[in-house]
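Written below as structure tokens is the structure these notes are about.
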Protein chains: 2
Amino acid sequence: MKIVLDGMGGDNAPQEIVRGAVDAAKAISHDIYIVGKKEAIEAELKKAGYKGTNIEIVNADDVITMEDSPVKAIRRKTESSMVIGLTMVRDGQGDVFISGGNTGALVVGSRMILGRIEGIDRPVLASIYPCLGGDASLLVDAGASSEAKAQNLLEYGLMGSIYMEKVWGRENPRVGLVNLGVEESKGTSVTKDAFKRLKKAPINFVGNVEAREVPTGACEVIVCDGFVGNVILKLSEGLAWNILKLVKTKLMSNIKTKVAALMLKGEMSSLREEFDYAEYGGAPILGVNGPVIKIHGSSNADAVKNAIWKSVPYSSENVVDIIRQSMLDLEEIIEKDEEE
Amino acid sequence: MKIVLDGMGGDNAPQEIVRGAVDAAKAISHDIYIVGKKEAIEAELKKAGYKGTNIEIVNADDVITMEDSPVKAIRRKTESSMVIGLTMVRDGQGDVFISGGNTGALVVGSRMILGRIEGIDRPVLASIYPCLGGDASLLVDAGASSEAKAQNLLEYGLMGSIYMEKVWGRENPRVGLVNLGVEESKGTSVTKDAFKRLKKAPINFVGNVEAREVPTGACEVIVCDGFVGNVILKLSEGLAWNILKLVKTKLMSNIKTKVAALMLKGEMSSLREEFDYAEYGGAPILGVNGPVIKIHGSSNADAVKNAIWKSVPYSSENVVDIIRQSMLDLEEIIEKDEEE
């Protein structure tokens with residue numbers, strides 16, 4: 001398998017990207033291609049003490065920055081690491097592409113260069129959502145499009161279900177629709193329509209879920225539009241971080257609590273790990289003709305390594321082909337349904 | 001002042017409603033009218049050992065239940081405690097109405113019986129959002145309408161700003177629009193349009209806020225549609241509750257941590273208080289011709305007492321009149337703007 005890495009994407013590129021690649025290269029036998037400015041990447045490989053044979057550099061003179069407008073950047077910066085990496089996947093020179101660069105550009109670039117899977121109206125960014133107690137769900141849409149039609153929400157549920165099954169090994173993953181209440185009659189005209197479509201789809205649709213149930217893993221695929229998805233991700237992050245900060249303040253408030261805090265050191269840091277997004281292996285872009293993974297702009301070597309790890313089943317389990325086939329199956333189901 | 005209480009609304013009615021009223025009656029000199037089944041309320045007053053003179057019972061034979069359809073219930077159950085209470089405010093026999101009953105019915109009833117303030121397209125439910133560190137913001141819309149137009153979001157910001165200033169004593173409260181990013185160009189067509197309108201309004205509009213910043217009090221009036229508001233409230237509740245549960249589990253995991261937990265008892269319970277919704281005085285309905293406050297269905301006597309407490313400035317500071325005047329002023333601003 002050929003894993004293609006955007007060597008220039010993110011705040012810590014190329015250093016942390018290269019380090020993550022070097023770590024991963026020790027554990028897997030697949031080939032890793034790092035796309036970016038050759039000299040900079042060579043220097044980082046040297047710094048990391050790399051001596052293996054399964055990392056290769058693909059030179060790219062240009063970089064898409066966070067400030068670049070997505071559509072323009074993809075069209076004009078043809079020598080950028082992102083465009084070259086996506087093109088490698090399109091042309092069969094790569095099996096999966098991982099980038100920590102400009103999210104909008106990566107979503108647009110995936111659509112423009114790899115193309116949409118037939119039958120998919122809108123490709124989407126899905127993010128792993130860490131649940132309390134150590135498990136993880138998949139949130140679709142994690143912010144690719146701020147609005148969604150009922151058909152889009154159906155696609156999100158279907159693609160998310162396939163991804164969680166094939167990449168995370170979940171059997172028959174529970175798919176839930178974020179809504180105001182659990183009753184089928186709740187919500188907007190869009191969520192009501194989406195409920196009906198999801199109920200008919202060949203997935204384990206558990207119905208509406210309230211936001212209150214999301215952090216406890218009420219469903220393994222959380223379906224919502226990108227605006228709501230963005231609110232769920234950012235609010236969870238902000239709230240969890242701030243509550244832990246508050247706990248820490250309480251622990252440091254006097255001598256007695258400081259003593260107690262010392263006794264609790266191990267437990268508190270294991271608590272922090274539950275909210276560590278670096279552990280979770282990045283956010284897949286679903287609905288395009290090739291596996292693409294977005295990692296945080298602030299990813300460190302560990303996060304890069306984990307994303308490489310998850311990219312293997314994303315490609316080897318043929319997730320893209322299965323989505324393509326399931327869209328054809330879905331058409332048949334709908335046609336049958338209309339005939340009856 | 002005449003404070004009207006729905007004696008039959010909520011899971012713990014009439015017991016906790018009456019207890020809260022008795023507690024409040026000791027501290028304030030205003031008259032409290034409890035509307036509901038006379039005998040049941042009399043019995044509770046007796047149980048609570050009430051001997052004062054400023055609580056009066058107004059008999060209502062009927063009750064609107066949680067299962068009732070809002071519009072039908074308001075139209076047909078004319079002898080219900082909710083309809084009688086709202087009618088008292090309309091007719092000047094009451095200055096403010098507080099209810100823990102069916103939320104949909106209370107919103108619809110307020111609109112149908114009290115009527116919308118002129119210029120207000122859509123009355124709204126606003127909820128106090130407890131921020132970390134002990135402060136509180138106001139979230140508008142807290143779930144009254146799942147969709148919103150730009151003009152609605154403008155109204156929410158304006159009314160919320162007045163409420164926080166007059167009832168919570170905040171000077172020039174910071175109003176923020178929940179959005180995907182802080183830049184003016186972010187979001188849906190509705191939020192982009194709302195941004196422009198809020199910028200022109202005579203309020204302290206601080207621009208877009210990301211959900212990540214909401215728990216820390218980035219703004220004192222949080223403006224969003226009811227779907228997003230519902231997600232923010234329920235996710236915060238679920239996440240905070242579950243994180244504290246997780247902390248507790250860690251504290252109880254072995255003998256050493258149990259000893260530490262004992263030492264931290266006081267600090268941990270003070271932490272729980274930060275998320276205690278009972279402390280915050282209920283959710284005002286804004287945009288109708290009279291002050292109405294919704295309290296949780298599960299409110300205990302303390303929550304009832306706090307809502308009574310906050311109902312005083314809601315009425316005495318003439319919040320409704322000020323909203324009415326501000327809508328007229330806003331019209332002038334818009335007209336002037338169009339002339340220029």
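In the structure tokens, chains take letters A, B, ... by order of appearance, with residues numbered from 1 within each chain and ligands from 1 in the order shown.
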Legend entry - Interface list for chain B, partner chain A, 7 Å threshold, only C-alpha atoms, as an MDAnalysis selection string: chainID B and resid 146 180 187:188 211:213 215 227:228 230:231 234:235 237:239 250 256:257 260 263:264 267
Inset, instruction - Determine which residues of region 91-213 of chain B DSSP labels as alpha helix (DSSP H) from the backbone of this structure, then write them out as a ChimeraX atom specification. - result: /B:103-109,150-168,189-200
Legend entry - Non-local contacts of region 299-310 of chain B (8 Å; only C-alpha atoms; under 5 positions in same chain excluded) as a list in words: Ile3, Gly10, Asp11, Asn12, Glu16, Ile17, Val18, Arg19, Gly20, Ala21, Asp23, Ala24, Ile98, Gly100, Val167, Ala278, Glu279, Tyr280, Gly281, Gly282 and Ile293 of chain B
Can I get the residues of region 2-67 of chain B within 8 Å of region 74-78 of chain B, each with the closest pair of atoms and their distance in Å to one decimal, using only C-alpha atoms, sorted chain first then ascending number, as a Markdown table?
```
| residue | atom | partner | partner_atom | distance |
| --- | --- | --- | --- | --- |
| B:Asp62 | CA | B:Lys77 | CA | 6.8 |
| B:Val63 | CA | B:Lys77 | CA | 7.6 |
| B:Ile64 | CA | B:Lys77 | CA | 7.1 |
```
For the residues in the current selection, export N, CA, C and O atoms as an mmCIF file, in the first residue's frame.
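Output file again_33.cif is given in full below:
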```cif
data_model
loop_
_atom_site.group_PDB
_atom_site.id
_atom_site.type_symbol
_atom_site.label_atom_id
_atom_site.label_comp_id
_atom_site.auth_asym_id
_atom_site.auth_seq_id
_atom_site.Cartn_x
_atom_site.Cartn_y
_atom_site.Cartn_z
ATOM 1 N N ASP B 62 -58.765 22.735 35.959
ATOM 2 C CA ASP B 62 -58.135 21.918 34.918
ATOM 3 C C ASP B 62 -56.608 22.091 34.934
ATOM 4 O O ASP B 62 -56.082 23.059 35.488
ATOM 5 N N VAL B 63 -55.924 21.145 34.285
ATOM 6 C CA VAL B 63 -54.461 21.199 34.197
ATOM 7 C C VAL B 63 -54.041 20.868 32.768
ATOM 8 O O VAL B 63 -54.573 19.930 32.171
ATOM 9 N N ILE B 64 -53.100 21.626 32.231
ATOM 10 C CA ILE B 64 -52.510 21.250 30.933
ATOM 11 C C ILE B 64 -51.356 20.303 31.233
ATOM 12 O O ILE B 64 -50.462 20.632 32.011
#
```
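Here CA of Gly169 (chain B) is placed at a distance of 17.4 Å from CA of Ala218 (chain B).
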Inset, instruction - Just give me the gap between CA of Pro130 (chain B) and CA of Val182 (chain B) in Å, one decimal is fine. - result: 22.3 Å
Inset, instruction - Find the residues near Leu125 (chain B): any atom within 8 Å, counting only C-alpha atoms, skip ones fewer than 6 places away on the same chain, and give them as a PyMOL selection string. - result: chain B and resi 107+140-144+283-286
Would you mind exporting the chosen residues as a JSON list (two decimals), in the first residue's frame, restricted to all heavy atoms?
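As a result, again_8.json now contains:
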```
[["chain", "number", "residue", "atom", "x", "y", "z"],
["B", 107, "VAL", "N", -45.35, 28.76, 25.67],
["B", 107, "VAL", "CA", -44.91, 29.68, 24.61],
["B", 107, "VAL", "C", -46.11, 30.07, 23.74],
["B", 107, "VAL", "O", -46.36, 31.26, 23.49],
["B", 107, "VAL", "CB", -43.80, 29.04, 23.74],
["B", 107, "VAL", "CG1", -43.48, 29.90, 22.53],
["B", 107, "VAL", "CG2", -42.54, 28.79, 24.57],
["B", 140, "VAL", "N", -30.54, 32.68, 23.67],
["B", 140, "VAL", "CA", -31.80, 32.97, 22.97],
["B", 140, "VAL", "C", -31.65, 32.52, 21.52],
["B", 140, "VAL", "O", -30.74, 32.98, 20.85],
["B", 140, "VAL", "CB", -32.08, 34.50, 22.92],
["B", 140, "VAL", "CG1", -33.56, 34.78, 22.88],
["B", 140, "VAL", "CG2", -31.38, 35.28, 24.01],
["B", 141, "ASP", "N", -32.36, 31.65, 21.06],
["B", 141, "ASP", "CA", -33.51, 30.90, 21.43],
["B", 141, "ASP", "C", -33.12, 29.58, 22.12],
["B", 141, "ASP", "O", -32.27, 28.86, 21.61],
["B", 141, "ASP", "CB", -34.28, 30.65, 20.12],
["B", 141, "ASP", "CG", -35.52, 29.76, 20.25],
["B", 141, "ASP", "OD1", -35.87, 29.33, 21.35],
["B", 141, "ASP", "OD2", -36.15, 29.50, 19.21],
["B", 142, "ALA", "N", -33.79, 29.29, 23.22],
["B", 142, "ALA", "CA", -33.49, 28.07, 23.96],
["B", 142, "ALA", "C", -34.32, 26.89, 23.48],
["B", 142, "ALA", "O", -34.37, 25.86, 24.13],
["B", 142, "ALA", "CB", -33.72, 28.32, 25.44],
["B", 143, "GLY", "N", -34.98, 27.04, 22.33],
["B", 143, "GLY", "CA", -35.71, 25.90, 21.79],
["B", 143, "GLY", "C", -37.17, 26.16, 21.47],
["B", 143, "GLY", "O", -37.95, 25.23, 21.30],
["B", 144, "ALA", "N", -37.55, 27.44, 21.36],
["B", 144, "ALA", "CA", -38.96, 27.74, 21.05],
["B", 144, "ALA", "C", -39.28, 27.42, 19.59],
["B", 144, "ALA", "O", -40.31, 26.84, 19.28],
["B", 144, "ALA", "CB", -39.27, 29.21, 21.36],
["B", 283, "ALA", "N", -36.39, 30.64, 32.83],
["B", 283, "ALA", "CA", -36.20, 31.07, 31.45],
["B", 283, "ALA", "C", -37.32, 32.04, 31.06],
["B", 283, "ALA", "O", -38.48, 31.65, 31.03],
["B", 283, "ALA", "CB", -36.22, 29.86, 30.53],
["B", 284, "PRO", "N", -36.98, 33.30, 30.75],
["B", 284, "PRO", "CA", -38.03, 34.24, 30.37],
["B", 284, "PRO", "C", -38.53, 34.00, 28.95],
["B", 284, "PRO", "O", -37.76, 33.62, 28.07],
["B", 284, "PRO", "CB", -37.32, 35.59, 30.45],
["B", 284, "PRO", "CG", -35.88, 35.28, 30.16],
["B", 284, "PRO", "CD", -35.64, 33.91, 30.76],
["B", 285, "ILE", "N", -39.83, 34.20, 28.74],
["B", 285, "ILE", "CA", -40.35, 34.28, 27.38],
["B", 285, "ILE", "C", -40.33, 35.75, 27.00],
["B", 285, "ILE", "O", -40.88, 36.59, 27.71],
["B", 285, "ILE", "CB", -41.77, 33.69, 27.31],
["B", 285, "ILE", "CG1", -41.69, 32.18, 27.61],
["B", 285, "ILE", "CG2", -42.41, 33.93, 25.93],
["B", 285, "ILE", "CD1", -43.02, 31.47, 27.64],
["B", 286, "LEU", "N", -39.64, 36.06, 25.90],
["B", 286, "LEU", "CA", -39.45, 37.45, 25.49],
["B", 286, "LEU", "C", -40.21, 37.74, 24.20],
["B", 286, "LEU", "O", -40.24, 36.91, 23.30],
["B", 286, "LEU", "CB", -37.96, 37.74, 25.28],
["B", 286, "LEU", "CG", -37.06, 37.57, 26.53],
["B", 286, "LEU", "CD1", -35.59, 37.61, 26.13],
["B", 286, "LEU", "CD2", -37.37, 38.64, 27.57]]
```
Legend entry - Selection: 12 Å around Met164 (chain B), only C-alpha atoms, excl. self and same-chain fewer than 4 positions, as JSON, numbers by chain: {"B": [126, 127, 128, 129, 136, 137, 138, 139, 140, 156, 157, 158, 159, 160, 168, 169, 170, 171, 172, 173, 174, 175, 203, 204, 219, 220, 221, 222, 283, 284, 286, 310, 313, 314, 317, 319]}
